[in-house]
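Have a look at the structure below, then the notes.
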2 protein chains.
Amino acid sequence: MKVVITGGTGMLGKKLARKLLEQGTLSPDGKPAKIEKLVLMDVATAPYVPVDPRVEVVTGQVYDADLIKRLITPDTGAVFHFAAVVSAGAEKDFDLGYRVNLDGTRNVLEACRALGTKPRVVFTSSIAVYGGDLPERLSDDQPLTPQTSYGVQKAMGEMLVADYTRKGFVDGRSLRLPTIVVRPGKPNLAASTFASSIIREPLAGQEAICPVRPDNWMPLLSPRKTVEAFVRAHDLPASAWGWNRSLTLPSLDATVQDMADALRRVAGEEAYRRIKWQPDPMIQKIVDGWPRKLASTRAKAMGFTTDPSIDALIEAHIEDDIRPNTR
Amino acid sequence: MKVVITGGTGMLGKKLARKLLEQGTLSPDGKPAKIEKLVLMDVATAPYVPVDPRVEVVTGQVYDADLIKRLITPDTGAVFHFAAVVSAGAEKDFDLGYRVNLDGTRNVLEACRALGTKPRVVFTSSIAVYGGDLPERLSDDQPLTPQTSYGVQKAMGEMLVADYTRKGFVDGRSLRLPTIVVRPGKPNLAASTFASSIIREPLAGQEAICPVRPDNWMPLLSPRKTVEAFVRAHDLPASAWGWNRSLTLPSLDATVQDMADALRRVAGEEAYRRIKWQPDPMIQKIVDGWPRKLASTRAKAMGFTTDPSIDALIEAHIEDDIRPNTR
């Protein structure tokens with residue numbers, strides 16, 4: 001079968017692609033199906049895109065309905081939909097956010113519906129669907145009250161996935177991602193970028209600024225576990241999901257101090273000292289509006305797992321992103 | 001100022017128009033502003049549209065972005081957005097539902113945003129945003145889990161209204177309507193149509209079929225109270241809403257037997273006997289998935305009221321729809 005990954009040259013898209021190429025199969029309902037073709041669609045190509053005869057990289061915009069229709073051909077069995085304008089981007093460019101995050105998602109779902117084969121669609125949502133006055137730990141029936149355009153667009157995407165699924169047009173599954181740590185590469189404009197920087201930069205011998213309080217809680221998940229979750233979300237039978245197609249992934253809930261302590265254990269005192277604690281009230285205010293701890297009861301019952309410890313999460317980054325630095 | 005009502009020749013649109021023409025003003029933040037012009041936009045004109053020099057009827061589709069832009073001119077201070085494909089219609093014609101209920105709402109919000117004057121927008125949502133396994137009485141923080149395309153589209157509309165408001169593009173307010181009873185006119189294709197029929201038809205000397213159990217709870221609100229709520233929702237200052245721009249209107253929670261008993265009190269034994277109890281398992285199954293009782297705590301605290309009794313709700317129908325039968 002053919003698999004399409006939108007946002008396929010992004011951080012998670014590439015990691016999922018690598019995993020799928022290694023596996024060689026996806027196993028819907030536990031039955032292995034060979035991946036003949038893997039399309040990575042994104043706005044641009046990127047370094048370290050896997051080179052493999054099965055891979056095709058397609059450059060374009062997810063809001064280009066015709067392109068998406070051409071990509072999602074009748075042999076497409078699965079679509080992993082990562083393509084998105086991120087939080088800060090959607091806040092800055094309101095129109096682009098809706099074009100990519102809402103219209104783009106509709107294009108993907110419409111192209112899948114047109115096939116008439118009910119392909120599986122795994123949609124990337126985010127805990128940005130939560131906001132406002134939040135309890136200390138979020139349960140699975142926490143109402144969606146997004147406070148950013150990005151969060152609104154992700155919540156709308158989840159509802160579309162549920163509706164297209166209910167109508168029998170696709171077999172959809174939405175995953176709400178916690179804070180992904182450690183993201184390889186460079187800091188970006190996201191307010192959460194420090195959560196990766198305070199691990200990644202010290203490991204690389206550089207200083208990193210932590211703009212929030214040491215006792216600030218964050219729900220963490222490694223890219224490795226996130227990619228595993230996408231495969232599991234795809235493979236589980238429809239009966240495991242029922243009518244509720246949205247899931248908050250389990251996280252490792254830790255304070256920023258816990259993260260720094262783990263860094264010290266894994267990489268030593270010198271690395272730890274490279275974290276510079278410089279409170280930034282503006283960033284602290286943004287982060288204060290985010291979920292702190294996630295119960296994720298349903299996800300755990302469905303077999304999704306989190307990283308065993310922050311130390312393990314840091315080791316995963318070293319194994320996956322630092323050692324194989326040709327990737 | 002100019003006021004635009006989309007769905008303006010529909011049942012609620014016309015009743016709101018009549019109310020606004022009688023009042024002559026809207027009072028945002030308690031300060032009366034004269035209504036110079038009232039545009040009733042709808043797919044077609046209809047009987048009993050108020051005749052008044054201030055009224056202009058415009059025929060067209062809410063998914064026609066150019067038309068909506070032409071309607072919502074810089075002198076527009078308020079838009080009441082009723083236009084929608086109803087529940088059964090959106091279920092039957094998936095594409096039309098999204099075009100009207102989602103794209104149409106985006107058109108209205110975009111046209112308002114283009115003005116740069118932050119007009120007030122009152123959006124018609126529905127308790128169809130709730131579904132699945134529901135508690136006996138819904139609190140204000142019940143998660144939105146729509147189980148119909150209509151419910152999904154209304155939930156998405158609420159989120160858009162909230163996001164456009166947060167960005168300062170409009171000053172939006174969304175009202176979730178309970179079952180509106182008594183609707184004047186003829187039965188329609190909605191599964192809820194019996195709730196009005198079992199009052200309206202017996203009053204007119206005709207038989208009506210009740211397809212659900214006598215002990216079936218329904219949250220009711222009269223068209224009269226609904227129209228009052230739209231005016232109040234518009235007039236309240238932004239500070240009364242805060243960031244949460246969605247509100248479940250208060251309802252009179254009654255069983256179908258309560259409704260029949262009230263009909264007997266108001267119109268006598270003969271009228272009561274015109275209700276024919278013919279259980280329809282298919283309709284009962286649909287109705288079983290609906291909210292039964294609404295707490296509406298926040299709406300009550302904000303001064304929204306429900307009908308004092310089912311008898312009063314029936315009297316309101318007689319006063320508003322039967323006696324002035326030239327309307």
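FYI, nothing fancy with the structure tokens labels: chains A, B, ... in order, residues from 1 per chain, ligands from 1 as they appear.
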message: Using only C-alpha atoms, which protein or nucleic acid residues come within 7 Å of Asn107 (chain A)? Drop anything in the same chain fewer than 3 positions from it, and give the result as a ChimeraX atom specification.
response: /A:63,65,68,103-104,110-111
Sort by chain and increasing residue number a table of all residues of chain B within 8 Å of chain A, each with its closest pair of atoms and their distance in Å to one decimal, counting only C-alpha atoms, and write it as a Markdown table.
| residue | atom | partner | partner_atom | distance |
| --- | --- | --- | --- | --- |
| B:Asp141 | CA | A:Pro143 | CA | 6.5 |
| B:Gln142 | CA | A:Pro143 | CA | 6.7 |
| B:Pro143 | CA | A:Pro143 | CA | 4.3 |
| B:Leu144 | CA | A:Pro143 | CA | 6.8 |
| B:Gln147 | CA | A:Asp163 | CA | 7.6 |
| B:Thr148 | CA | A:Asp163 | CA | 7.2 |
| B:Ser149 | CA | A:Asp163 | CA | 6.2 |
| B:Val152 | CA | A:Met159 | CA | 6.2 |
| B:Met156 | CA | A:Met156 | CA | 5.8 |
| B:Met159 | CA | A:Val152 | CA | 6.2 |
| B:Leu160 | CA | A:Val152 | CA | 7.4 |
| B:Asp163 | CA | A:Ser149 | CA | 6.2 |
| B:Arg166 | CA | A:Gln147 | CA | 7.9 |
Residues as selected, N, CA and C atoms, written as a PDB file, in the first residue's frame, can you do that?
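Once written, again_32.pdb looks like this:
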ATOM      1  N   ASP B 141     -20.016  23.059  31.887  1.00  0.00           N
ATOM      2  CA  ASP B 141     -18.708  22.583  31.416  1.00  0.00           C
ATOM      3  C   ASP B 141     -18.767  21.172  30.831  1.00  0.00           C
ATOM      4  N   GLN B 142     -19.955  20.802  30.363  1.00  0.00           N
ATOM      5  CA  GLN B 142     -20.093  19.552  29.616  1.00  0.00           C
ATOM      6  C   GLN B 142     -19.271  19.667  28.320  1.00  0.00           C
ATOM      7  N   PRO B 143     -18.360  18.699  28.050  1.00  0.00           N
ATOM      8  CA  PRO B 143     -17.592  18.775  26.797  1.00  0.00           C
ATOM      9  C   PRO B 143     -18.498  18.707  25.557  1.00  0.00           C
ATOM     10  N   LEU B 144     -18.060  19.364  24.496  1.00  0.00           N
ATOM     11  CA  LEU B 144     -18.807  19.313  23.235  1.00  0.00           C
ATOM     12  C   LEU B 144     -18.440  18.033  22.490  1.00  0.00           C
ATOM     13  N   GLN B 147     -22.652  14.532  17.655  1.00  0.00           N
ATOM     14  CA  GLN B 147     -22.787  13.233  16.981  1.00  0.00           C
ATOM     15  C   GLN B 147     -23.508  13.378  15.646  1.00  0.00           C
ATOM     16  N   THR B 148     -23.616  14.614  15.176  1.00  0.00           N
ATOM     17  CA  THR B 148     -24.203  14.876  13.858  1.00  0.00           C
ATOM     18  C   THR B 148     -23.331  15.921  13.171  1.00  0.00           C
ATOM     19  N   SER B 149     -23.413  15.973  11.838  1.00  0.00           N
ATOM     20  CA  SER B 149     -22.648  16.997  11.110  1.00  0.00           C
ATOM     21  C   SER B 149     -23.107  18.395  11.521  1.00  0.00           C
ATOM     22  N   VAL B 152     -21.468  19.259  14.757  1.00  0.00           N
ATOM     23  CA  VAL B 152     -20.049  19.555  14.506  1.00  0.00           C
ATOM     24  C   VAL B 152     -19.909  20.967  13.938  1.00  0.00           C
ATOM     25  N   MET B 156     -17.987  24.120  15.614  1.00  0.00           N
ATOM     26  CA  MET B 156     -16.921  24.825  14.908  1.00  0.00           C
ATOM     27  C   MET B 156     -17.248  26.317  14.799  1.00  0.00           C
ATOM     28  N   MET B 159     -16.404  28.041  17.967  1.00  0.00           N
ATOM     29  CA  MET B 159     -14.961  28.220  18.139  1.00  0.00           C
ATOM     30  C   MET B 159     -14.450  29.369  17.274  1.00  0.00           C
ATOM     31  N   LEU B 160     -15.004  29.486  16.061  1.00  0.00           N
ATOM     32  CA  LEU B 160     -14.623  30.604  15.190  1.00  0.00           C
ATOM     33  C   LEU B 160     -15.035  31.935  15.821  1.00  0.00           C
ATOM     34  N   ASP B 163     -12.654  32.767  18.503  1.00  0.00           N
ATOM     35  CA  ASP B 163     -11.316  33.138  18.032  1.00  0.00           C
ATOM     36  C   ASP B 163     -11.315  34.524  17.392  1.00  0.00           C
ATOM     37  N   ARG B 166     -11.501  36.928  20.265  1.00  0.00           N
ATOM     38  CA  ARG B 166     -10.221  37.021  20.983  1.00  0.00           C
ATOM     39  C   ARG B 166      -9.223  37.886  20.218  1.00  0.00           C
TER      40      ARG B 166
END
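CA of Val256 (chain A) lies 10.3 Å from CA of Ile199 (chain A).
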task: Can you list, as number ranges by chain, all residues belonging to region 121-323 of chain B that DSSP tags as helix (DSSP H, G or I)?
output: B: 127-129, 149-166, 193-203, 223-235, 238-241, 256-267, 269-273, 281-288, 297-301, 310-322
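Within the 7 Å cut-off around region 35-43 of chain A, using only C-alpha atoms and omitting residues fewer than 3 positions from it on the same chain, the listed residues are Met1, Lys2, Val3, Val4, Ile5, Thr6, Gly7, Gly8, Thr9, Gly24, Thr25, Leu26, Arg54, Val55, Glu56, Val57, Val58, Thr59, Gly60 and Gln61 of chain A.
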I need the residues from that last selection saved to file as a CSV table (one decimal), in the first residue's frame (with C-alpha atoms), if you can.
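Output file part_8.csv is given in full below:
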chain,number,residue,atom,x,y,z
A,1,MET,CA,0.0,0.0,0.0
A,2,LYS,CA,0.9,3.7,-0.3
A,3,VAL,CA,1.3,5.9,2.7
A,4,VAL,CA,1.2,9.6,2.6
A,5,ILE,CA,2.7,11.9,5.3
A,6,THR,CA,1.9,15.6,5.1
A,7,GLY,CA,4.5,17.7,6.7
A,8,GLY,CA,6.7,14.7,5.8
A,9,THR,CA,10.0,16.5,5.9
A,24,GLY,CA,8.5,-2.1,6.0
A,25,THR,CA,4.8,-2.6,7.0
A,26,LEU,CA,1.9,-1.1,8.8
A,54,ARG,CA,10.1,3.7,-1.8
A,55,VAL,CA,10.2,7.4,-0.9
A,56,GLU,CA,8.9,10.2,-3.0
A,57,VAL,CA,9.2,13.8,-1.8
A,58,VAL,CA,6.5,16.2,-3.1
A,59,THR,CA,6.7,19.9,-2.5
A,60,GLY,CA,3.6,22.0,-2.2
A,61,GLN,CA,1.0,23.5,0.0
field: 9 Å contact set for Glu201 (chain B), only C-alpha atoms, chain neighbours under 6 positions out, as a ChimeraX atom specification
entry: /B:186,207-208,271,274-275
Keeping C-alpha atoms for every residue in the selection just given, could you write it to a file as a PDB file, in the first residue's frame?
ATOM      1  CA  LYS B 186     -46.087  23.166   9.482  1.00  0.00           C
ATOM      2  CA  GLU B 207     -54.583  15.315  15.377  1.00  0.00           C
ATOM      3  CA  ALA B 208     -50.847  15.016  16.086  1.00  0.00           C
ATOM      4  CA  ALA B 271     -57.472  19.154  22.434  1.00  0.00           C
ATOM      5  CA  ARG B 274     -55.999  14.846  19.638  1.00  0.00           C
ATOM      6  CA  ILE B 275     -52.522  13.705  20.701  1.00  0.00           C
TER       7      ILE B 275
END
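Using only C-alpha atoms for every distance, the candidate list B:Phe82, B:Pro187, B:Asp235, B:Thr124 yields B:Asp235 as the residue closest to Ala33 (chain B).
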task: Apply DSSP to the backbone of this structure and, from region 94-304 of chain B, keep only the residues in strand (DSSP E or B); write these as an MDAnalysis selection string.
output: chainID B and resid 120:126 137:138 171:177 179:180 208:210 217:221 246:248 252:255 275:277 293:294
